[in-house]
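*Asks:* Below is the file structure04.cif, with mmCIF, C-alpha atoms and all ligand atoms.
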data_run
loop_
_atom_site.group_PDB
_atom_site.id
_atom_site.type_symbol
_atom_site.label_atom_id
_atom_site.label_comp_id
_atom_site.auth_asym_id
_atom_site.auth_seq_id
_atom_site.Cartn_x
_atom_site.Cartn_y
_atom_site.Cartn_z
ATOM 1 C CA MET R 189 237.536 283.097 -69.096
ATOM 2 C CA ASN R 190 235.907 285.242 -66.445
ATOM 3 C CA ALA R 191 236.934 288.848 -66.014
ATOM 4 C CA LEU R 192 240.492 289.084 -64.740
ATOM 5 C CA PRO R 193 240.483 288.355 -61.027
ATOM 6 C CA SER R 194 241.341 291.319 -58.869
ATOM 7 C CA GLY R 195 244.201 290.975 -56.425
ATOM 8 C CA VAL R 196 246.537 288.973 -58.697
ATOM 9 C CA PHE R 197 249.043 291.828 -58.779
ATOM 10 C CA ALA R 198 249.071 292.305 -54.983
ATOM 11 C CA ALA R 199 249.355 288.555 -54.274
ATOM 12 C CA PHE R 200 252.129 288.146 -56.823
ATOM 13 C CA GLU R 201 254.016 291.169 -55.508
ATOM 14 C CA ARG R 202 253.784 289.921 -51.898
ATOM 15 C CA ASP R 203 254.188 286.150 -52.343
ATOM 16 C CA GLY R 204 256.021 285.758 -55.675
ATOM 17 C CA TYR R 205 253.249 283.588 -57.048
ATOM 18 C CA ALA R 206 249.495 283.543 -57.630
ATOM 19 C CA VAL R 207 246.922 280.842 -58.372
ATOM 20 C CA ILE R 208 243.950 281.574 -60.613
ATOM 21 C CA ARG R 209 241.183 278.995 -60.625
ATOM 22 C CA GLY R 210 239.139 277.792 -63.592
ATOM 23 C CA VAL R 211 240.950 279.694 -66.332
ATOM 24 C CA VAL R 212 240.568 277.000 -69.017
ATOM 25 C CA PRO R 213 237.089 275.467 -69.360
ATOM 26 C CA PRO R 214 236.722 271.676 -69.805
ATOM 27 C CA ALA R 215 236.059 271.632 -73.591
ATOM 28 C CA GLU R 216 239.168 273.662 -74.267
ATOM 29 C CA LEU R 217 241.146 271.618 -71.793
ATOM 30 C CA ALA R 218 240.430 268.554 -73.928
ATOM 31 C CA GLU R 219 242.020 270.338 -76.923
ATOM 32 C CA PHE R 220 245.036 271.410 -74.853
ATOM 33 C CA THR R 221 245.428 267.816 -73.666
ATOM 34 C CA ALA R 222 245.237 266.435 -77.211
ATOM 35 C CA THR R 223 247.977 268.871 -78.269
ATOM 36 C CA PHE R 224 250.085 267.913 -75.255
ATOM 37 C CA MET R 225 249.685 264.200 -75.903
ATOM 38 C CA THR R 226 250.642 264.548 -79.563
ATOM 39 C CA VAL R 227 253.964 265.950 -78.409
ATOM 40 C CA ILE R 228 254.394 263.739 -75.321
ATOM 41 C CA PRO R 229 252.381 260.546 -75.778
ATOM 42 C CA GLU R 230 251.771 258.205 -72.870
ATOM 43 C CA LEU R 231 254.858 256.052 -73.480
ATOM 44 C CA PRO R 232 257.804 254.888 -71.385
ATOM 45 C CA TYR R 233 260.643 257.439 -71.205
ATOM 46 C CA PRO R 234 264.190 256.925 -69.962
ATOM 47 C CA PRO R 235 264.589 257.702 -66.245
ATOM 48 C CA GLY R 236 267.049 260.155 -64.704
ATOM 49 C CA PRO R 237 268.640 259.590 -61.271
ATOM 50 C CA ASP R 238 265.305 259.603 -59.371
ATOM 51 C CA GLY R 239 262.741 258.840 -62.051
ATOM 52 C CA VAL R 240 261.190 260.297 -65.177
ATOM 53 C CA VAL R 241 260.404 263.891 -66.053
ATOM 54 C CA ARG R 242 259.804 264.504 -69.743
ATOM 55 C CA GLU R 243 260.047 268.183 -70.707
ATOM 56 C CA VAL R 244 259.769 269.420 -74.294
ATOM 57 C CA THR R 245 260.633 273.086 -74.790
ATOM 58 C CA GLY R 246 260.266 275.609 -77.606
ATOM 59 C CA LEU R 247 257.802 273.853 -79.904
ATOM 60 C CA ALA R 248 255.357 276.784 -80.007
ATOM 61 C CA ARG R 249 257.567 278.439 -82.607
ATOM 62 C CA GLY R 250 256.730 275.821 -85.202
ATOM 63 C CA TYR R 251 253.762 273.742 -84.057
ATOM 64 C CA GLU R 252 250.588 275.711 -84.674
ATOM 65 C CA PRO R 253 248.287 274.093 -82.055
ATOM 66 C CA LEU R 254 250.864 274.954 -79.413
ATOM 67 C CA THR R 255 251.491 278.434 -80.868
ATOM 68 C CA ARG R 256 247.784 279.111 -80.395
ATOM 69 C CA ILE R 257 247.930 278.109 -76.726
ATOM 70 C CA ALA R 258 251.169 279.991 -76.035
ATOM 71 C CA CYS R 259 249.910 283.195 -77.690
ATOM 72 C CA ASP R 260 246.402 283.006 -76.233
ATOM 73 C CA PRO R 261 245.856 286.570 -74.954
ATOM 74 C CA ARG R 262 244.221 285.309 -71.732
ATOM 75 C CA PHE R 263 247.551 284.008 -70.472
ATOM 76 C CA GLY R 264 249.485 287.089 -71.576
ATOM 77 C CA ALA R 265 246.922 289.284 -69.825
ATOM 78 C CA LEU R 266 247.274 287.351 -66.564
ATOM 79 C CA VAL R 267 251.057 287.686 -66.646
ATOM 80 C CA GLY R 268 250.670 291.371 -67.536
ATOM 81 C CA GLN R 269 248.450 291.783 -64.508
ATOM 82 C CA ALA R 270 250.801 289.862 -62.198
ATOM 83 C CA LEU R 271 253.888 291.785 -63.305
ATOM 84 C CA GLY R 272 252.052 295.096 -63.675
ATOM 85 C CA ALA R 273 253.341 295.211 -67.260
ATOM 86 C CA ALA R 274 251.532 297.012 -70.074
ATOM 87 C CA ARG R 275 253.107 294.783 -72.723
ATOM 88 C CA VAL R 276 254.175 291.152 -72.373
ATOM 89 C CA GLN R 277 256.155 288.886 -74.699
ATOM 90 C CA LEU R 278 256.480 285.110 -74.857
ATOM 91 C CA LEU R 279 259.960 283.885 -73.966
ATOM 92 C CA GLN R 280 259.571 280.120 -74.033
ATOM 93 C CA ASP R 281 257.010 277.330 -73.890
ATOM 94 C CA SER R 282 257.460 273.928 -72.250
ATOM 95 C CA LEU R 283 255.371 270.809 -71.812
ATOM 96 C CA LEU R 284 256.104 268.923 -68.608
ATOM 97 C CA TYR R 285 255.071 265.328 -67.984
ATOM 98 C CA LYS R 286 255.564 263.482 -64.720
ATOM 99 C CA PRO R 287 254.408 259.913 -65.276
ATOM 100 C CA ALA R 288 252.557 257.899 -62.659
ATOM 101 C CA LEU R 289 254.579 255.734 -60.251
ATOM 102 C CA GLU R 290 258.016 256.849 -61.449
ATOM 103 C CA GLY R 291 257.726 260.650 -61.854
ATOM 104 C CA ALA R 292 260.928 262.359 -60.755
ATOM 105 C CA SER R 293 261.459 265.407 -58.560
ATOM 106 C CA ILE R 294 262.562 268.842 -59.764
ATOM 107 C CA GLU R 295 265.215 270.414 -57.540
ATOM 108 C CA TRP R 296 264.678 273.677 -55.666
ATOM 109 C CA HIS R 297 265.668 276.468 -58.053
ATOM 110 C CA GLN R 298 265.019 279.961 -59.337
ATOM 111 C CA ASP R 299 264.185 280.193 -63.032
ATOM 112 C CA ARG R 300 266.460 283.231 -63.171
ATOM 113 C CA THR R 301 269.484 280.891 -62.986
ATOM 114 C CA TYR R 302 268.547 279.433 -66.375
ATOM 115 C CA ILE R 303 266.759 282.295 -68.171
ATOM 116 C CA GLY R 304 268.579 285.180 -66.525
ATOM 117 C CA TYR R 305 269.549 287.177 -69.608
ATOM 118 C CA LEU R 306 266.847 289.853 -69.341
ATOM 119 C CA SER R 307 267.113 292.975 -67.246
ATOM 120 C CA PRO R 308 265.382 293.820 -64.987
ATOM 121 C CA ALA R 309 264.242 290.410 -63.737
ATOM 122 C CA ARG R 310 260.607 290.888 -64.737
ATOM 123 C CA VAL R 311 259.921 287.404 -66.062
ATOM 124 C CA ALA R 312 257.173 285.038 -64.907
ATOM 125 C CA THR R 313 256.035 281.511 -65.692
ATOM 126 C CA ILE R 314 252.389 280.636 -66.103
ATOM 127 C CA ARG R 315 251.598 276.949 -65.543
ATOM 128 C CA ILE R 316 248.379 275.412 -66.866
ATOM 129 C CA ALA R 317 247.284 272.194 -65.125
ATOM 130 C CA LEU R 318 245.747 269.642 -67.494
ATOM 131 C CA LEU R 319 245.186 267.097 -64.717
ATOM 132 C CA PRO R 320 244.800 267.414 -60.945
ATOM 133 C CA GLU R 321 248.106 268.430 -59.343
ATOM 134 C CA ASP R 322 248.461 267.658 -55.645
ATOM 135 C CA GLU R 323 251.002 266.588 -53.067
ATOM 136 C CA ALA R 324 250.497 262.915 -53.953
ATOM 137 C CA ASN R 325 251.467 263.320 -57.615
ATOM 138 C CA GLY R 326 254.346 265.740 -57.197
ATOM 139 C CA CYS R 327 252.759 269.175 -57.514
ATOM 140 C CA MET R 328 254.980 272.237 -57.552
ATOM 141 C CA ARG R 329 255.993 273.832 -54.234
ATOM 142 C CA VAL R 330 256.965 277.466 -53.753
ATOM 143 C CA VAL R 331 258.672 279.367 -50.944
ATOM 144 C CA GLU R 332 256.406 282.322 -50.311
ATOM 145 C CA GLY R 333 258.138 285.682 -50.627
ATOM 146 C CA SER R 334 261.456 284.165 -51.732
ATOM 147 C CA HIS R 335 261.481 286.382 -54.847
ATOM 148 C CA HIS R 336 262.489 289.148 -52.419
ATOM 149 C CA TRP R 337 265.723 287.266 -51.596
ATOM 150 C CA GLY R 338 267.305 288.309 -54.899
ATOM 151 C CA GLU R 339 269.312 286.083 -57.183
ATOM 152 C CA ILE R 340 270.929 283.068 -55.498
ATOM 153 C CA GLY R 341 273.853 281.218 -57.065
ATOM 154 C CA ALA R 342 275.565 281.695 -60.386
ATOM 155 C CA ASN R 343 273.891 282.569 -63.659
ATOM 156 C CA GLN R 344 273.789 279.450 -65.858
ATOM 157 C CA SER R 345 271.686 280.751 -68.721
ATOM 158 C CA LEU R 346 271.983 278.427 -71.718
ATOM 159 C CA THR R 347 274.907 276.572 -70.151
ATOM 160 C CA ALA R 348 273.331 274.192 -67.618
ATOM 161 C CA GLN R 349 272.548 270.609 -68.617
ATOM 162 C CA SER R 350 270.114 270.058 -65.742
ATOM 163 C CA VAL R 351 268.425 271.863 -62.881
ATOM 164 C CA ALA R 352 270.632 271.877 -59.753
ATOM 165 C CA SER R 353 269.455 272.326 -56.168
ATOM 166 C CA LEU R 354 269.983 275.763 -54.634
ATOM 167 C CA LEU R 355 269.523 274.370 -51.108
ATOM 168 C CA PRO R 356 273.277 274.321 -50.319
ATOM 169 C CA SER R 357 273.495 278.036 -51.226
ATOM 170 C CA LEU R 358 270.721 279.106 -48.827
ATOM 171 C CA THR R 359 271.198 280.581 -45.373
ATOM 172 C CA ALA R 360 269.921 278.569 -42.394
ATOM 173 C CA GLU R 361 266.941 280.908 -42.156
ATOM 174 C CA GLN R 362 266.123 280.452 -45.831
ATOM 175 C CA GLN R 363 266.432 276.670 -45.502
ATOM 176 C CA ALA R 364 263.925 276.785 -42.657
ATOM 177 C CA ARG R 365 261.543 278.678 -44.945
ATOM 178 C CA VAL R 366 261.843 275.881 -47.520
ATOM 179 C CA GLU R 367 260.523 273.470 -44.853
ATOM 180 C CA GLY R 368 257.343 275.545 -44.803
ATOM 181 C CA ALA R 369 256.985 275.778 -48.592
ATOM 182 C CA ARG R 370 253.486 275.886 -50.033
ATOM 183 C CA SER R 371 252.165 273.122 -52.289
ATOM 184 C CA LEU R 372 250.352 274.551 -55.299
ATOM 185 C CA GLU R 373 247.451 272.136 -55.611
ATOM 186 C CA LEU R 374 245.637 272.755 -58.884
ATOM 187 C CA ALA R 375 242.509 271.372 -60.518
ATOM 188 C CA PRO R 376 242.448 270.867 -64.292
ATOM 189 C CA GLY R 377 242.109 274.289 -65.919
ATOM 190 C CA ASP R 378 243.622 276.181 -62.974
ATOM 191 C CA VAL R 379 246.811 278.148 -63.564
ATOM 192 C CA SER R 380 249.623 279.314 -61.341
ATOM 193 C CA ILE R 381 252.053 282.144 -62.068
ATOM 194 C CA HIS R 382 255.454 282.413 -60.400
ATOM 195 C CA HIS R 383 258.184 285.054 -60.498
ATOM 196 C CA CYS R 384 261.572 284.107 -61.967
ATOM 197 C CA LEU R 385 263.204 284.705 -58.564
ATOM 198 C CA THR R 386 260.702 282.588 -56.599
ATOM 199 C CA LEU R 387 262.354 279.493 -55.153
ATOM 200 C CA HIS R 388 260.390 276.450 -56.275
ATOM 201 C CA GLY R 389 260.669 272.752 -57.027
ATOM 202 C CA SER R 390 258.545 269.630 -57.007
ATOM 203 C CA PRO R 391 258.775 266.231 -55.294
ATOM 204 C CA PRO R 392 258.559 262.851 -57.086
ATOM 205 C CA ASN R 393 255.314 261.359 -58.322
ATOM 206 C CA PRO R 394 254.939 257.902 -56.780
ATOM 207 C CA SER R 395 251.137 258.008 -57.207
ATOM 208 C CA ALA R 396 249.079 256.088 -59.759
ATOM 209 C CA ARG R 397 248.187 259.384 -61.515
ATOM 210 C CA PRO R 398 250.315 261.252 -64.073
ATOM 211 C CA ARG R 399 250.848 265.029 -64.117
ATOM 212 C CA ARG R 400 250.666 267.056 -67.343
ATOM 213 C CA THR R 401 251.449 270.760 -67.221
ATOM 214 C CA ILE R 402 251.889 273.432 -69.902
ATOM 215 C CA LEU R 403 254.424 276.114 -68.943
ATOM 216 C CA LEU R 404 254.664 279.505 -70.638
ATOM 217 C CA ARG R 405 257.518 281.809 -69.665
ATOM 218 C CA MET R 406 256.740 285.456 -70.375
ATOM 219 C CA PHE R 407 258.421 288.799 -69.739
ATOM 220 C CA ASP R 408 257.704 292.491 -69.464
ATOM 221 C CA ALA R 409 258.392 293.853 -72.953
ATOM 222 C CA ALA R 410 260.260 296.737 -71.292
ATOM 223 C CA CYS R 411 263.084 294.319 -70.316
ATOM 224 C CA GLN R 412 266.339 294.568 -72.231
ATOM 225 C CA LEU R 413 268.680 291.793 -73.250
ATOM 226 C CA ASP R 414 271.820 291.578 -71.113
ATOM 227 C CA PRO R 415 274.255 289.912 -73.529
ATOM 228 C CA ALA R 416 276.927 289.636 -70.804
ATOM 229 C CA ARG R 417 274.793 286.913 -69.177
ATOM 230 C CA LEU R 418 274.751 284.752 -72.317
ATOM 231 C CA PRO R 419 277.484 282.332 -73.353
ATOM 232 C CA PRO R 420 279.590 283.288 -76.396
ATOM 233 C CA GLY R 421 277.676 282.960 -79.652
ATOM 234 C CA ALA R 422 274.217 282.748 -78.042
ATOM 235 C CA GLU R 423 273.367 286.394 -78.734
ATOM 236 C CA ALA R 424 272.522 285.396 -82.305
ATOM 237 C CA TYR R 425 269.382 283.645 -81.013
ATOM 238 C CA PHE R 426 268.123 286.772 -79.271
ATOM 239 C CA PRO R 427 267.452 289.449 -81.905
ATOM 240 C CA VAL R 428 266.844 292.896 -80.403
ATOM 241 C CA ASP R 429 265.546 296.242 -81.577
ATOM 242 C CA ALA R 430 267.578 299.451 -81.443
ATOM 243 C CA ASP R 431 266.846 299.813 -77.696
ATOM 244 C CA GLY R 432 267.908 296.288 -76.740
ATOM 245 C CA HIS R 433 264.383 294.884 -76.354
ATOM 246 C CA LEU R 434 263.845 291.367 -77.672
ATOM 247 C CA ALA R 435 262.291 291.514 -81.146
ATOM 248 C CA THR R 436 258.611 290.627 -81.312
ATOM 249 C CA THR R 437 259.277 288.687 -84.524
ATOM 250 C CA ALA R 438 261.129 286.071 -82.450
ATOM 251 C CA PHE R 439 259.423 286.619 -79.077
ATOM 252 C CA PRO R 440 255.782 287.369 -79.866
ATOM 253 C CA LEU R 441 253.789 290.019 -78.115
ATOM 254 C CA VAL R 442 251.076 288.238 -76.125
ATOM 255 C CA HIS R 443 249.627 291.185 -74.246
ATOM 256 C CA GLY R 444 249.320 294.915 -74.953
ATOM 257 C CA GLY R 445 249.487 296.835 -78.239
HETATM 258 O O1 LIG J 1 255.845 272.148 -62.469
HETATM 259 C C1 LIG J 1 256.834 271.776 -61.832
HETATM 260 O O2 LIG J 1 256.845 270.752 -61.147
HETATM 261 C C2 LIG J 1 258.087 272.589 -61.837
HETATM 262 C C3 LIG J 1 258.064 273.682 -62.850
HETATM 263 C C4 LIG J 1 259.319 274.457 -62.854
HETATM 264 O O3 LIG J 1 260.308 274.073 -62.280
HETATM 265 C C5 LIG J 1 259.391 275.741 -63.533
HETATM 266 O O4 LIG J 1 258.374 276.295 -63.936
HETATM 267 O O5 LIG J 1 260.511 276.249 -63.647
#
Re-express the file's structure as C-alpha cells.
Ligand SMILES: O=C(O)CCC(=O)C(=O)O

*Replies:*
Amino acid sequence: MNALPSGVFAAFERDGYAVIRGVVPPAELAEFTATFMTVIPELPYPPGPDGVVREVTGLARGYEPLTRIACDPRFGALVGQALGAARVQLLQDSLLYKPALEGASIEWHQDRTYIGYLSPARVATIRIALLPEDEANGCMRVVEGSHHWGEIGANQSLTAQSVASLLPSLTAEQQARVEGARSLELAPGDVSIHHCLTLHGSPPNPSARPRRTILLRMFDAACQLDPARLPPGAEAYFPVDADGHLATTAFPLVHGG
C-alpha cells in the first residue's frame, strides 16, 4: 500500500466515513477473492423477504487465510488513523455477498445497535471491495455526518435476529437527510471506513453483477466493555483485562504496540 493518505482522520471526523482508493493491489485481491469464494462459493442461497444476502461472520478466528486478511496491519493502521487511536483491536470479521439479479437490500441502521457493548463508541468498520460496487449493484449508502446524531433506537447487541430499519425512529429532518445519502462507489481494492454511529444501508442488487465485500469491525483498544449492554450470559464471550479492556488474546491487536 502507499503511504497512509493524509486527511482520513479529518474526513472521518466530519463525515463519519472515509474512502481510500487502491489499498489492495490486483494480485493480492485475487488471493482475497479466492479466500472469500472458499467460504461463500457462487451457489444459490435461500432468499429473505426481498432477496439474497449471504453474510458469514467470525471465521477469522479459526480460518488462517481470513485471519491473515483480518489482522493485516494496513487495515488496522487505517482504522487507527480514522479513529485517531494509537492501538486498535479486531472485533469481528464478516464476508458479505450480494448475488447478481436477486441481491437483497440492507436496512438503514447504525452498527452501534448490534455491537454496542463497548464504551465509548469508538468502533469502525472497514469494508474491502473485491468487485466494483456501484448504485446498480447495491453499493452501500451513508448519511454524511449522521454519526453526530448519537445513538438512535434501542441497543440490540447479541439479541437481534436481523437488521431492522431505523427510518421510523428518525426525525423529519433526519429522514430528509437520508434522501440525500451518499453512494459509496468503490473499485476493486478500494476500502471504505464508517463509524459505528453512521447511518447506512444498501439497496437491492438487481444487476447482472454480484457484489463481494470483506468487512472488518475494529475498535480503539482504549474502549472498555459495558457488560450492562450485553444479554445475560454473553459476558463469558468477552474476556477483559483488569481495566475492562477486551483481551487481546480473543480480540487481536491489529495496530499499535
Ligand atoms: O456493505 C453493505 O452493503 C452494508 C454493510 C453494513 O451494513 C455494515 O457494515 O454494517

*Asks:* Take every atom of ligand LIG 1 (chain J) listed in the file, pad by 4 Å on each side, and give me the axis-aligned box centre and edge lengths in Å, one decimal, as JSON.

*Replies:*
{"center_x": 258.2, "center_y": 273.5, "center_z": -62.5, "size_x": 12.7, "size_y": 13.5, "size_z": 10.8}

*Asks:* Kindly work out which residues sit at most 10 Å from ligand LIG 1 (chain J), using only C-alpha atoms and all ligand atoms, and give the list as a PyMOL selection string.

*Replies:* chain R and resi 241+243+282-286+292-300+302-303+312-317+321+325-330+351+372+380-384+386-393+399-405

*Asks:* Any chance you could work out the residue set of the PyMOL selection byres (((chain R and resi 244-256) around 9) and not hetatm) here, as a list in words?

*Replies:*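 Applying the PyMOL selection byres (((chain R and resi 244-256) around 9) and not hetatm) to the structure shown produces Glu219, Phe220, Thr223, Phe224, Val227, Ile228, Arg242, Glu243, Ile257, Ala258, Cys259, Asp260, Gln280, Asp281, Ser282, Leu283, Leu284, Tyr285 and Ala438 of chain R.
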
*Asks:* Might you spell out which residues the PyMOL selection byres (((chain R and resi 445) around 7) and not hetatm) would select in the displayed file, as a list of chain:residue names?

*Replies:*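 Listing what the PyMOL selection byres (((chain R and resi 445) around 7) and not hetatm) selects in the shown file: R:Arg275, R:His443, R:Gly444.
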
*Asks:* To one decimal place, how far is CA of Leu319 (chain R) from CA of Arg397 (chain R) in Å?

*Replies:*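 Calculated distance between CA of Leu319 (chain R) and CA of Arg397 (chain R) is 8.9 Å.
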
*Asks:* I need the residue nearest Glu201 (chain R) from this list: R:Glu290, R:Gly236, R:Gly304, R:Arg310. Use only C-alpha atoms for the distance.

*Replies:* R:Arg310

*Asks:* For the PyMOL selection byres (((chain R and resi 332) around 9) and not hetatm), applied here, can you spell out every residue it catches as a count of residues only?

*Replies:* 16
